[in-house]
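Read the structure below first, then the notes.
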Amino acid sequence: MDLIYSVAASLDGFIAGPNGEYDWITADPEIDFEAMYAGFSGIVMGRRSYEVFVATGGAPRPALPTYVYSTTLPEGERDGIRFVRDAVTHVRSLKASRTGKPLWLWGGGNLFRQLADAGLVDGVKVAIVPVILGGGLPLIAPGSRLRLELRGHRVYKASGILFVEYNVMP
């Protein structure tokens, strides 16, 4: 099973502003968010992304299995969400035990870096929003490089959003 990092980013590569704000992410009427959710079999995210997820109302129904990786929150299942400390081991297990639609790595530059460094990320989908933030939470935490191969792209004219899809190269 594939793990796909799917996220919105500013033109200068930030997924949240300097104070964690995401109000710069514009909605485009052509983007079908319910279809997007339906393309995944589950969601994985870090604690900070989980806080945004909850603040924005979570996923459309029916909810996807959701896994949150945190070293500060207690492990276990609460409100249908599984909290786990060891992201790499758990995601490796999920990928090995499931087939079908990919898992969605939802936000989280630090978790993305951790899982990419472990060789667990198979694809990257970025909705590039036409705004320059000048700082904030980067698309990926600083560190190693990740080679990508373009799989597809789409321009949403109403909003100016450019959606790009890449496969992760070995």
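We label chains A, B, ... in the order they appear in the structure tokens, count residues from 1 in each chain, and number ligands from 1 in the order shown.
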Review point. Where in chain A does DSSP assign alpha helix (DSSP H), given as a ChimeraX atom specification?
Key: /A:33-38,47-55,87-97,109-117
Practice item. Find the spatial neighbours of Arg47 (chain A), counting only C-alpha atoms, within a cut-off of 9 Å - ignore same-chain residues fewer than 3 positions away - and output them as a ChimeraX atom specification. Key: /A:50-52,68-73,108
Review point. For Thr56 (chain A), which of A:Asp86, A:Asp28, A:Asp117, A:Glu21 is the closest residue, counting only C-alpha atoms?
Key: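 Of A:Asp86, A:Asp28, A:Asp117, A:Glu21, the one nearest Thr56 (chain A), counting only C-alpha atoms, is A:Glu21.
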Review point. What does the distance between CA of Leu11 (chain A) and CA of Leu115 (chain A) come to in Å, to one decimal place?
Key: 23.4 Å
Point to revise | Residues near region 64-67 of chain A, cut-off 10 Å, only C-alpha atoms, skip fewer than 2 positions along chain, as a ChimeraX atom specification | key: /A:37-38,40-47,50,58-62,69-70,77,80-84,87,90-91,103-106
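Closest approach to Leu150 (chain A) among A:Met169, A:Ala118, A:Gly57, A:Pro138 is made by A:Met169 (distances from only C-alpha atoms).
Proximity of A:Gly107, A:Pro102, A:Gly13, A:Pro170 to Pro142 (chain A), computed with only C-alpha atoms, is greatest for A:Gly13.
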Practice item. Write out as a list of chain:residue names each polymer residue whose atoms come within 9 Å of Leu137 (chain A), counting only C-alpha atoms; drop sequence neighbours fewer than 2 positions from it. Key: A:Gly13, A:Phe14, A:Ile15, A:Ala16, A:Gly17, A:Pro18, A:Asn19, A:Gly20, A:Gly108, A:Gly109, A:Gly135, A:Leu139, A:Ile140, A:Ala141
Exercise for review: Select, from A:Leu133, A:Ala96, A:Met36, A:Val126, the residue with the minimum atom-to-atom distance to His153 (chain A), counting only C-alpha atoms.
Suggested key: A:Val126
Check your understanding: What's the 12 Å shell around Lys157 (chain A), counting only C-alpha atoms, without same-chain residues fewer than 3 positions away, as an NGL selection string?
Key -> :A and (27-31 or 129-130 or 154 or 160-163)
**Study point:** Residues of region 17-82 of chain A in strand (DSSP E or B), written as JSON, numbers by chain
**Key:** {"A": [42, 43, 44, 45, 46, 66, 67, 68, 69, 76, 77, 78, 81, 82]}
Please produce a file of the residues just selected, as a PDB file, in the first residue's frame, where the atoms kept are N, CA and C atoms.
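Once everything was written out, this is part01.pdb:
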```pdb
ATOM      1  N   GLY A  42      -7.048   5.679   4.615  1.00  0.00           N
ATOM      2  CA  GLY A  42      -6.793   6.096   5.984  1.00  0.00           C
ATOM      3  C   GLY A  42      -5.945   7.358   5.985  1.00  0.00           C
ATOM      4  N   ILE A  43      -5.863   7.994   7.144  1.00  0.00           N
ATOM      5  CA  ILE A  43      -5.112   9.237   7.302  1.00  0.00           C
ATOM      6  C   ILE A  43      -4.086   9.054   8.408  1.00  0.00           C
ATOM      7  N   VAL A  44      -2.855   9.506   8.145  1.00  0.00           N
ATOM      8  CA  VAL A  44      -1.812   9.545   9.168  1.00  0.00           C
ATOM      9  C   VAL A  44      -1.367  10.995   9.320  1.00  0.00           C
ATOM     10  N   MET A  45      -1.114  11.409  10.565  1.00  0.00           N
ATOM     11  CA  MET A  45      -0.720  12.800  10.807  1.00  0.00           C
ATOM     12  C   MET A  45      -0.002  12.919  12.139  1.00  0.00           C
ATOM     13  N   GLY A  46       0.730  14.005  12.300  1.00  0.00           N
ATOM     14  CA  GLY A  46       1.375  14.323  13.566  1.00  0.00           C
ATOM     15  C   GLY A  46       0.424  15.072  14.482  1.00  0.00           C
ATOM     16  N   THR A  66      -8.019   6.950  11.222  1.00  0.00           N
ATOM     17  CA  THR A  66      -7.075   8.042  11.411  1.00  0.00           C
ATOM     18  C   THR A  66      -6.078   7.678  12.497  1.00  0.00           C
ATOM     19  N   TYR A  67      -4.797   7.929  12.197  1.00  0.00           N
ATOM     20  CA  TYR A  67      -3.694   7.614  13.098  1.00  0.00           C
ATOM     21  C   TYR A  67      -2.907   8.883  13.365  1.00  0.00           C
ATOM     22  N   VAL A  68      -2.690   9.196  14.647  1.00  0.00           N
ATOM     23  CA  VAL A  68      -1.958  10.389  15.040  1.00  0.00           C
ATOM     24  C   VAL A  68      -0.683   9.944  15.750  1.00  0.00           C
ATOM     25  N   TYR A  69       0.443  10.515  15.314  1.00  0.00           N
ATOM     26  CA  TYR A  69       1.748  10.170  15.890  1.00  0.00           C
ATOM     27  C   TYR A  69       2.221  11.316  16.761  1.00  0.00           C
ATOM     28  N   GLY A  76      -3.176   5.001  22.442  1.00  0.00           N
ATOM     29  CA  GLY A  76      -4.471   4.365  22.598  1.00  0.00           C
ATOM     30  C   GLY A  76      -5.474   4.921  21.609  1.00  0.00           C
ATOM     31  N   GLU A  77      -6.710   4.449  21.728  1.00  0.00           N
ATOM     32  CA  GLU A  77      -7.769   4.897  20.827  1.00  0.00           C
ATOM     33  C   GLU A  77      -8.753   5.756  21.598  1.00  0.00           C
ATOM     34  N   ARG A  78      -9.059   6.933  21.008  1.00  0.00           N
ATOM     35  CA  ARG A  78     -10.023   7.851  21.583  1.00  0.00           C
ATOM     36  C   ARG A  78     -10.843   8.457  20.456  1.00  0.00           C
ATOM     37  N   ILE A  81     -10.007   7.563  16.917  1.00  0.00           N
ATOM     38  CA  ILE A  81      -8.675   7.908  16.400  1.00  0.00           C
ATOM     39  C   ILE A  81      -7.631   7.164  17.209  1.00  0.00           C
ATOM     40  N   ARG A  82      -6.674   6.576  16.506  1.00  0.00           N
ATOM     41  CA  ARG A  82      -5.607   5.815  17.164  1.00  0.00           C
ATOM     42  C   ARG A  82      -4.388   6.703  17.344  1.00  0.00           C
TER      43      ARG A  82
END
```
Check your understanding: Looking at only C-alpha atoms, which of A:Leu148, A:Ala55, A:Leu120, A:Ala158 is the one that sits closest to Thr26 (chain A)?
Key ->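 Of the candidates, the smallest distance to Thr26 (chain A) is held by A:Ala158.
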